[in-house]
Amino acid sequence: MAAIVRIGTRSSPMAMAQAERVRADLLRVSPDVTVEINPMTTSGDRWTGPLSQLGGKGAFTKEVDAAILSGEVDLGVHCVKDIPGDRPVPEGTVIAGYLTRDDVRDAVVIPGGGELADLPPGSRIGTSSPRRVAQLALHWPHLRPVPIRGNANTRLAKLDDGRFDALLLAVAGLERIGLTSRISQILSEDTMIPAVGSGTLALQCRTDDTATLELAEKLADSLTTRQTVAERAMLRVLDGHCHSPIAGYAEPHGDGSLTLHGRVISPDGKTVLDATDRHTDPEALGVAVGEALLRQGAREVIDADRPA
Ligand SMILES: NCc1[nH]cc(CCC(=O)O)c1CC(=O)O
């Protein structure tokens with residue numbers, strides 16, 4: 001067994017909390033192991049321009065990828081949402097497992113409390129996610145999405161400064177930084193279909209590092225893995241990424257099958273393509289739903305929103 005596991009992670013409070021969760025999980029399955037956490041600033045953290053211009057380039061993962069490959073760290077912890085859809089992990093590394101999924105839903109934070117429906121017309125909703133912008137336009141057309149950058153803590157500080165009237169943030173992220181008390185409303189996964197890989201953490205290590213691989217595999221959750229495979233197969237077929245106007249959630253059933261709800265939506269919320277299928281094979285499910293969306297014209301909707 002590995003005597004020491006060095007974890008590479010982004011340095012934001014949310015990412016550090018994720019790494020601490022992995023440290024605790026590792027110590028639970030292997031009490032003798034020593035775990036070090038090596039925080040790093042990624043190009044995505046440094047970039048202050050529009051997030052859409054970084055979309056799909058692995059801006060939040062590539063520095064950790066490089067540190068794993070060079071042997072500086074042994075284990076990468078990533079939000080699946082931040083892993084590009086078309087080029088999962090670089091050669092020489094592997095996703096060793098997905099941790100048990102957290103809440104997949106999006107939350108609304110309004111300083112005075114209340115719900116989106118009650119906000120006055122033109123209220124400024126801080127979000128830079130095309131998926132959230134589009135579904136906001138679909139269900140709450142009276143509200144105005146306004147781009148926002150920075151990690152979740154930074155965003156909440158901007159909200160409290162009065163620069164926005166509300167924020168949309170992942171419930172899972174707020175849980176990780178201990179700020180669920182800020183949640184005013186939780187949006188159901190039917191209304192605001194979650195991002196592919198929402199609430200899911202992936203563990204990455206070198207392909208030939210059998211000691212770390214064995215440890216990471218002990219932390220892997222099989223249902224989460226099946227959901228992630230289905231959702232990411234859909235994303236791959238659509239050739240999209242977490243900054244495309246794509247939503248996808250694989251809902252589990254007691255019989256081992258999954259229902260995948262896929263949605264591709266134009267930023268103004270006016271073109272909504274939905275596809276749903278149920279299957280026991282997650283890869284086949286993701287491909288089927290992705291292809292159904294392509295048959296409805298998803299390519300055009302996604303490419304219209306792709307940054308040059
Ligand atoms: N887009 C950035 C990002 N990547 C993962 C999370 C939160 C945790 C998760 O859903 O896994 C967030 C913040 C957010 O969307 O509010």
# chains A, B, ... in the order shown; residues from 1 in each chain; ligands from 1
$ residues_near_ligand --ligand "ligand 1" --cutoff "9 Å" --atoms "only C-alpha atoms and all ligand atoms" --output "JSON, numbers by chain"
{"A": [14, 15, 60, 78, 79, 80, 81, 82, 101, 102, 103, 104, 105, 106, 107, 127, 128, 129, 151, 152, 168, 169, 170, 171, 172, 173, 174, 175, 176, 194, 195, 196, 197, 198, 199, 200, 201, 242, 243]}
$ residues_around --residues "A:Ile110" --least-positions-apart "5" --cutoff "7 Å" --atoms "only C-alpha atoms" --output "CSV table (one decimal) with C-alpha atoms, in the first residue's frame"
chain,number,residue,atom,x,y,z
A,165,ASP,CA,-29.9,40.6,-6.6
A,166,ALA,CA,-29.5,36.9,-6.5
A,167,LEU,CA,-27.0,34.1,-7.3
A,184,SER,CA,-33.1,30.7,-0.3
$ residues_around --residues "A:Ser257" --least-positions-apart "5" --cutoff "7 Å" --atoms "only C-alpha atoms" --output "VMD selection string"
chain A and resid 252 278 to 280
$ closest_atom_pairs --of "stretch 62-180 of chain A" --to "stretch 221-229 of chain A" --cutoff "7 Å" --atoms "only C-alpha atoms" --output "tab-separated table"
residue	atom	partner	partner_atom	distance
A:Tyr98	CA	A:Thr225	CA	5.7
A:Leu99	CA	A:Asp221	CA	5.5
A:Thr100	CA	A:Asp221	CA	5.1
A:Arg101	CA	A:Thr224	CA	5.7
$ write_last_selection --atoms "C-alpha atoms" --output "mmCIF file, in the first residue's frame"
data_model
loop_
_atom_site.group_PDB
_atom_site.id
_atom_site.type_symbol
_atom_site.label_atom_id
_atom_site.label_comp_id
_atom_site.auth_asym_id
_atom_site.auth_seq_id
_atom_site.Cartn_x
_atom_site.Cartn_y
_atom_site.Cartn_z
ATOM 1 C CA TYR A 98 -16.032 8.752 -8.666
ATOM 2 C CA LEU A 99 -17.015 9.489 -5.066
ATOM 3 C CA THR A 100 -20.604 9.034 -3.890
ATOM 4 C CA ARG A 101 -22.581 11.805 -5.509
#
$ closest_residue --among "A:Leu258, A:Ile83, A:Met192, A:Val64" --to "A:Ser11" --atoms "only C-alpha atoms"
A:Val64
$ select_by_dssp --residues "stretch 68-299 of chain A" --states "helix (DSSP H, G or I)" --output "PDB file with C-alpha atoms, in the first residue's frame"
ATOM      1  CA  ILE A  68       0.205  14.157 -11.513  1.00  0.00           C
ATOM      2  CA  LEU A  69       2.146  13.326 -14.682  1.00  0.00           C
ATOM      3  CA  SER A  70       5.398  14.814 -13.355  1.00  0.00           C
ATOM      4  CA  VAL A  80     -16.569  16.247 -12.822  1.00  0.00           C
ATOM      5  CA  LYS A  81     -18.257  19.441 -14.044  1.00  0.00           C
ATOM      6  CA  ASP A  82     -14.824  20.943 -14.614  1.00  0.00           C
ATOM      7  CA  LEU A 116     -36.965  33.672  -8.034  1.00  0.00           C
ATOM      8  CA  ALA A 117     -40.628  34.008  -9.030  1.00  0.00           C
ATOM      9  CA  ASP A 118     -41.105  36.808  -6.488  1.00  0.00           C
ATOM     10  CA  PRO A 130     -24.985  28.964 -20.220  1.00  0.00           C
ATOM     11  CA  ARG A 131     -27.064  26.102 -18.827  1.00  0.00           C
ATOM     12  CA  ARG A 132     -28.340  28.255 -15.959  1.00  0.00           C
ATOM     13  CA  VAL A 133     -28.753  31.369 -18.135  1.00  0.00           C
ATOM     14  CA  ALA A 134     -30.869  29.446 -20.644  1.00  0.00           C
ATOM     15  CA  GLN A 135     -33.079  27.677 -18.097  1.00  0.00           C
ATOM     16  CA  LEU A 136     -33.503  30.952 -16.217  1.00  0.00           C
ATOM     17  CA  ALA A 137     -34.790  32.512 -19.450  1.00  0.00           C
ATOM     18  CA  LEU A 138     -37.079  29.504 -19.954  1.00  0.00           C
ATOM     19  CA  HIS A 139     -38.773  29.599 -16.551  1.00  0.00           C
ATOM     20  CA  ALA A 152     -18.262  30.657  -4.658  1.00  0.00           C
ATOM     21  CA  ASN A 153     -17.055  32.693  -1.652  1.00  0.00           C
ATOM     22  CA  THR A 154     -16.029  35.584  -3.917  1.00  0.00           C
ATOM     23  CA  ARG A 155     -19.413  35.467  -5.645  1.00  0.00           C
ATOM     24  CA  LEU A 156     -21.296  35.588  -2.349  1.00  0.00           C
ATOM     25  CA  ALA A 157     -19.199  38.613  -1.321  1.00  0.00           C
ATOM     26  CA  LYS A 158     -20.167  40.364  -4.582  1.00  0.00           C
ATOM     27  CA  LEU A 159     -23.823  39.571  -3.887  1.00  0.00           C
ATOM     28  CA  ASP A 160     -23.517  41.040  -0.411  1.00  0.00           C
ATOM     29  CA  VAL A 171     -26.157  23.061  -3.651  1.00  0.00           C
ATOM     30  CA  ALA A 172     -23.218  20.625  -3.458  1.00  0.00           C
ATOM     31  CA  GLY A 173     -20.696  23.433  -3.612  1.00  0.00           C
ATOM     32  CA  LEU A 174     -22.421  25.406  -0.853  1.00  0.00           C
ATOM     33  CA  GLU A 175     -22.523  22.256   1.280  1.00  0.00           C
ATOM     34  CA  ARG A 176     -18.779  21.772   0.822  1.00  0.00           C
ATOM     35  CA  THR A 180     -26.066  26.050   3.007  1.00  0.00           C
ATOM     36  CA  SER A 181     -27.489  28.625   5.427  1.00  0.00           C
ATOM     37  CA  ARG A 182     -27.305  31.080   2.503  1.00  0.00           C
ATOM     38  CA  THR A 210      -1.011   0.716  -8.828  1.00  0.00           C
ATOM     39  CA  ALA A 211      -0.790   1.587  -5.121  1.00  0.00           C
ATOM     40  CA  THR A 212      -2.757   4.846  -5.495  1.00  0.00           C
ATOM     41  CA  LEU A 213      -5.078   3.248  -8.042  1.00  0.00           C
ATOM     42  CA  GLU A 214      -6.011   0.495  -5.582  1.00  0.00           C
ATOM     43  CA  LEU A 215      -6.669   3.003  -2.822  1.00  0.00           C
ATOM     44  CA  ALA A 216      -8.758   5.268  -5.054  1.00  0.00           C
ATOM     45  CA  GLU A 217     -10.786   2.320  -6.321  1.00  0.00           C
ATOM     46  CA  LYS A 218     -11.787   1.573  -2.736  1.00  0.00           C
ATOM     47  CA  LEU A 219     -13.408   5.014  -2.539  1.00  0.00           C
ATOM     48  CA  SER A 222     -20.639   2.229  -8.399  1.00  0.00           C
ATOM     49  CA  LEU A 223     -23.974   4.047  -8.789  1.00  0.00           C
ATOM     50  CA  THR A 224     -22.219   7.406  -9.170  1.00  0.00           C
ATOM     51  CA  THR A 225     -19.885   5.835 -11.724  1.00  0.00           C
ATOM     52  CA  ARG A 226     -22.850   4.566 -13.752  1.00  0.00           C
ATOM     53  CA  GLN A 227     -24.559   7.972 -13.632  1.00  0.00           C
ATOM     54  CA  THR A 228     -21.356   9.728 -14.647  1.00  0.00           C
ATOM     55  CA  VAL A 229     -20.716   7.311 -17.531  1.00  0.00           C
ATOM     56  CA  ALA A 230     -24.253   7.893 -18.861  1.00  0.00           C
ATOM     57  CA  GLU A 231     -24.161  11.680 -18.531  1.00  0.00           C
ATOM     58  CA  ARG A 232     -20.661  12.030 -19.966  1.00  0.00           C
ATOM     59  CA  ALA A 233     -21.408   9.660 -22.876  1.00  0.00           C
ATOM     60  CA  MET A 234     -24.231  12.058 -23.796  1.00  0.00           C
ATOM     61  CA  LEU A 235     -21.869  15.039 -23.477  1.00  0.00           C
ATOM     62  CA  ARG A 236     -19.298  13.295 -25.690  1.00  0.00           C
ATOM     63  CA  VAL A 237     -21.860  12.552 -28.404  1.00  0.00           C
ATOM     64  CA  LEU A 238     -22.962  16.202 -28.270  1.00  0.00           C
ATOM     65  CA  PRO A 282     -25.160   3.593 -18.918  1.00  0.00           C
ATOM     66  CA  GLU A 283     -22.893   4.055 -21.942  1.00  0.00           C
ATOM     67  CA  ALA A 284     -25.644   2.947 -24.353  1.00  0.00           C
ATOM     68  CA  LEU A 285     -28.087   5.228 -22.526  1.00  0.00           C
ATOM     69  CA  GLY A 286     -25.879   8.289 -22.851  1.00  0.00           C
ATOM     70  CA  VAL A 287     -25.220   7.627 -26.526  1.00  0.00           C
ATOM     71  CA  ALA A 288     -28.959   7.108 -27.215  1.00  0.00           C
ATOM     72  CA  VAL A 289     -29.986  10.360 -25.520  1.00  0.00           C
ATOM     73  CA  GLY A 290     -27.136  12.306 -27.134  1.00  0.00           C
ATOM     74  CA  GLU A 291     -28.088  10.985 -30.582  1.00  0.00           C
ATOM     75  CA  ALA A 292     -31.766  11.772 -29.981  1.00  0.00           C
ATOM     76  CA  LEU A 293     -30.791  15.361 -29.173  1.00  0.00           C
ATOM     77  CA  LEU A 294     -28.619  15.572 -32.303  1.00  0.00           C
ATOM     78  CA  ARG A 295     -31.577  14.358 -34.403  1.00  0.00           C
ATOM     79  CA  ALA A 298     -28.715  20.035 -30.991  1.00  0.00           C
ATOM     80  CA  ARG A 299     -25.581  20.672 -33.070  1.00  0.00           C
TER      81      ARG A 299
END
$ atom_distance --atom1 "atom CA of A:Glu189" --atom2 "atom CA of A:Ala247"
10.0 Å
$ closest_residue --among "A:Gln296, A:Thr41, A:Thr48, A:Ser188" --to "A:Gly8" --atoms "only C-alpha atoms"
A:Thr41
$ select_by_dssp --residues "stretch 101-292 of chain A" --states "strand (DSSP E)" --output "MDAnalysis selection string"
chainID A and resid 106:109 124:126 144:146 166:170 185:186 201:206 246:252 258:265 272:279
$ residues_around --residues "A:Ile302" --least-positions-apart "3" --cutoff "10 Å" --atoms "only C-alpha atoms" --output "PyMOL selection string"
chain A and resi 238-241+244-246+264-267+294+297-299+305-306
$ write_last_selection --atoms "C-alpha atoms" --output "PDB file, in the first residue's frame"
ATOM      1  CA  LEU A 238     -22.962  16.202 -28.270  1.00  0.00           C
ATOM      2  CA  ASP A 239     -19.309  17.317 -28.355  1.00  0.00           C
ATOM      3  CA  GLY A 240     -20.040  19.767 -25.563  1.00  0.00           C
ATOM      4  CA  HIS A 241     -18.525  20.791 -22.255  1.00  0.00           C
ATOM      5  CA  SER A 244     -22.187  24.571 -23.334  1.00  0.00           C
ATOM      6  CA  PRO A 245     -25.940  25.060 -22.959  1.00  0.00           C
ATOM      7  CA  ILE A 246     -26.321  21.373 -22.085  1.00  0.00           C
ATOM      8  CA  VAL A 264     -29.956  21.363 -25.016  1.00  0.00           C
ATOM      9  CA  ILE A 265     -31.288  24.900 -24.837  1.00  0.00           C
ATOM     10  CA  SER A 266     -30.602  28.210 -26.551  1.00  0.00           C
ATOM     11  CA  PRO A 267     -29.398  31.078 -24.309  1.00  0.00           C
ATOM     12  CA  LEU A 294     -28.619  15.572 -32.303  1.00  0.00           C
ATOM     13  CA  GLY A 297     -30.958  19.791 -34.060  1.00  0.00           C
ATOM     14  CA  ALA A 298     -28.715  20.035 -30.991  1.00  0.00           C
ATOM     15  CA  ARG A 299     -25.581  20.672 -33.070  1.00  0.00           C
ATOM     16  CA  ASP A 305     -23.262  29.345 -28.336  1.00  0.00           C
ATOM     17  CA  ARG A 306     -19.671  28.184 -28.853  1.00  0.00           C
TER      18      ARG A 306
END
$ closest_residue --among "A:Ile193, A:Cys205, A:Ala17, A:Val77" --to "A:Ala275" --atoms "only C-alpha atoms"
A:Ile193
$ residues_around --residues "A:Lys62" --least-positions-apart "6" --cutoff "10 Å" --atoms "only C-alpha atoms" --output "JSON list (two decimals) with N, CA and C atoms, in the first residue's frame"
[["chain", "number", "residue", "atom", "x", "y", "z"],
["A", 42, "THR", "N", -5.01, 27.34, -10.60],
["A", 42, "THR", "CA", -5.12, 26.91, -12.00],
["A", 42, "THR", "C", -5.30, 28.13, -12.90],
["A", 43, "SER", "N", -5.11, 27.90, -14.20],
["A", 43, "SER", "CA", -5.29, 29.04, -15.13],
["A", 43, "SER", "C", -6.72, 29.55, -15.07],
["A", 44, "GLY", "N", -7.67, 28.64, -14.78],
["A", 44, "GLY", "CA", -9.07, 29.08, -14.64],
["A", 44, "GLY", "C", -9.24, 30.03, -13.47],
["A", 68, "ILE", "N", 0.33, 15.62, -11.65],
["A", 68, "ILE", "CA", 0.21, 14.16, -11.51],
["A", 68, "ILE", "C", 1.21, 13.48, -12.45],
["A", 83, "ILE", "N", -14.26, 18.86, -15.78],
["A", 83, "ILE", "CA", -13.44, 18.02, -16.67],
["A", 83, "ILE", "C", -14.03, 18.10, -18.08],
["A", 89, "VAL", "N", -9.14, 12.87, -19.56],
["A", 89, "VAL", "CA", -7.90, 13.08, -18.80],
["A", 89, "VAL", "C", -6.73, 12.78, -19.72],
["A", 90, "PRO", "N", -5.58, 13.40, -19.49],
["A", 90, "PRO", "CA", -4.45, 13.19, -20.41],
["A", 90, "PRO", "C", -3.90, 11.77, -20.33]]
$ decode --residues "stretch 177-215 of chain A" --atoms "N, CA and C atoms" --output "compact mmCIF listing (two decimals), in the first residue's frame"
# COMPACT_ATOMS: atom_id res chain seq x y z
N ILE A 177 -18.57 24.15 1.30
CA ILE A 177 -17.95 25.29 1.99
C ILE A 177 -18.75 25.69 3.23
N GLY A 178 -19.71 24.86 3.61
CA GLY A 178 -20.43 25.09 4.87
C GLY A 178 -21.36 26.29 4.83
N LEU A 179 -21.89 26.62 3.65
CA LEU A 179 -22.73 27.82 3.54
C LEU A 179 -24.15 27.51 3.05
N THR A 180 -24.68 26.34 3.40
CA THR A 180 -26.07 26.05 3.01
C THR A 180 -27.05 27.00 3.69
N SER A 181 -26.61 27.65 4.76
CA SER A 181 -27.49 28.62 5.43
C SER A 181 -27.83 29.79 4.49
N ARG A 182 -27.04 29.98 3.44
CA ARG A 182 -27.31 31.08 2.50
C ARG A 182 -28.39 30.73 1.47
N ILE A 183 -28.80 29.47 1.41
CA ILE A 183 -29.74 29.05 0.36
C ILE A 183 -31.15 29.58 0.65
N SER A 184 -31.74 30.23 -0.36
CA SER A 184 -33.11 30.75 -0.25
C SER A 184 -34.11 29.79 -0.88
N GLN A 185 -33.69 29.11 -1.94
CA GLN A 185 -34.59 28.25 -2.70
C GLN A 185 -33.74 27.19 -3.38
N ILE A 186 -34.25 25.95 -3.41
CA ILE A 186 -33.57 24.91 -4.18
C ILE A 186 -34.43 24.59 -5.39
N LEU A 187 -33.82 24.60 -6.57
CA LEU A 187 -34.56 24.36 -7.81
C LEU A 187 -34.59 22.87 -8.09
N SER A 188 -35.77 22.36 -8.42
CA SER A 188 -35.89 20.91 -8.64
C SER A 188 -35.12 20.52 -9.89
N GLU A 189 -34.70 19.26 -9.92
CA GLU A 189 -33.91 18.80 -11.06
C GLU A 189 -34.76 18.67 -12.33
N ASP A 190 -36.09 18.78 -12.21
CA ASP A 190 -36.93 18.78 -13.42
C ASP A 190 -37.01 20.17 -14.04
N THR A 191 -36.99 21.18 -13.18
CA THR A 191 -37.12 22.56 -13.65
C THR A 191 -35.77 23.06 -14.18
N MET A 192 -34.77 22.95 -13.33
CA MET A 192 -33.41 23.38 -13.68
C MET A 192 -32.60 22.10 -13.79
N ILE A 193 -32.61 21.49 -14.98
CA ILE A 193 -31.90 20.21 -15.13
C ILE A 193 -30.43 20.45 -14.82
N PRO A 194 -29.85 19.61 -13.97
CA PRO A 194 -28.47 19.85 -13.52
C PRO A 194 -27.45 19.67 -14.64
N ALA A 195 -26.24 20.12 -14.34
CA ALA A 195 -25.11 19.92 -15.25
C ALA A 195 -24.71 18.46 -15.23
N VAL A 196 -24.21 18.00 -16.37
CA VAL A 196 -23.57 16.69 -16.43
C VAL A 196 -22.48 16.64 -15.34
N GLY A 197 -22.51 15.60 -14.53
CA GLY A 197 -21.48 15.44 -13.50
C GLY A 197 -21.67 16.33 -12.29
N SER A 198 -22.82 16.96 -12.14
CA SER A 198 -23.02 17.85 -10.99
C SER A 198 -22.88 17.07 -9.68
N GLY A 199 -22.31 17.72 -8.69
CA GLY A 199 -22.20 17.12 -7.35
C GLY A 199 -21.29 15.90 -7.28
N THR A 200 -20.45 15.74 -8.30
CA THR A 200 -19.61 14.52 -8.34
C THR A 200 -18.13 14.88 -8.37
N LEU A 201 -17.36 14.18 -7.55
CA LEU A 201 -15.91 14.36 -7.52
C LEU A 201 -15.24 13.14 -8.16
N ALA A 202 -14.23 13.43 -8.98
CA ALA A 202 -13.47 12.37 -9.64
C ALA A 202 -12.07 12.29 -9.05
N LEU A 203 -11.56 11.09 -8.94
CA LEU A 203 -10.19 10.86 -8.48
C LEU A 203 -9.35 10.44 -9.68
N GLN A 204 -8.21 11.09 -9.83
CA GLN A 204 -7.35 10.84 -11.00
C GLN A 204 -5.95 10.50 -10.51
N CYS A 205 -5.32 9.50 -11.14
CA CYS A 205 -3.93 9.20 -10.78
C CYS A 205 -3.18 8.70 -12.01
N ARG A 206 -1.86 8.45 -11.83
CA ARG A 206 -1.09 7.91 -12.95
C ARG A 206 -1.55 6.48 -13.24
N THR A 207 -1.60 6.16 -14.53
CA THR A 207 -2.08 4.85 -14.97
C THR A 207 -1.24 3.73 -14.36
N ASP A 208 0.06 3.97 -14.18
CA ASP A 208 0.95 2.90 -13.69
C ASP A 208 1.14 2.94 -12.17
N ASP A 209 0.44 3.82 -11.47
CA ASP A 209 0.60 3.95 -10.02
C ASP A 209 -0.40 3.01 -9.33
N THR A 210 -0.04 1.71 -9.29
CA THR A 210 -1.01 0.72 -8.83
C THR A 210 -1.40 0.93 -7.37
N ALA A 211 -0.47 1.41 -6.54
CA ALA A 211 -0.79 1.59 -5.12
C ALA A 211 -1.89 2.63 -4.95
N THR A 212 -1.74 3.79 -5.60
CA THR A 212 -2.76 4.85 -5.50
C THR A 212 -4.05 4.42 -6.17
N LEU A 213 -3.91 3.74 -7.31
CA LEU A 213 -5.08 3.25 -8.04
C LEU A 213 -5.93 2.33 -7.16
N GLU A 214 -5.28 1.42 -6.45
CA GLU A 214 -6.01 0.49 -5.58
C GLU A 214 -6.73 1.24 -4.47
N LEU A 215 -6.05 2.21 -3.89
CA LEU A 215 -6.67 3.00 -2.82
C LEU A 215 -7.88 3.78 -3.35
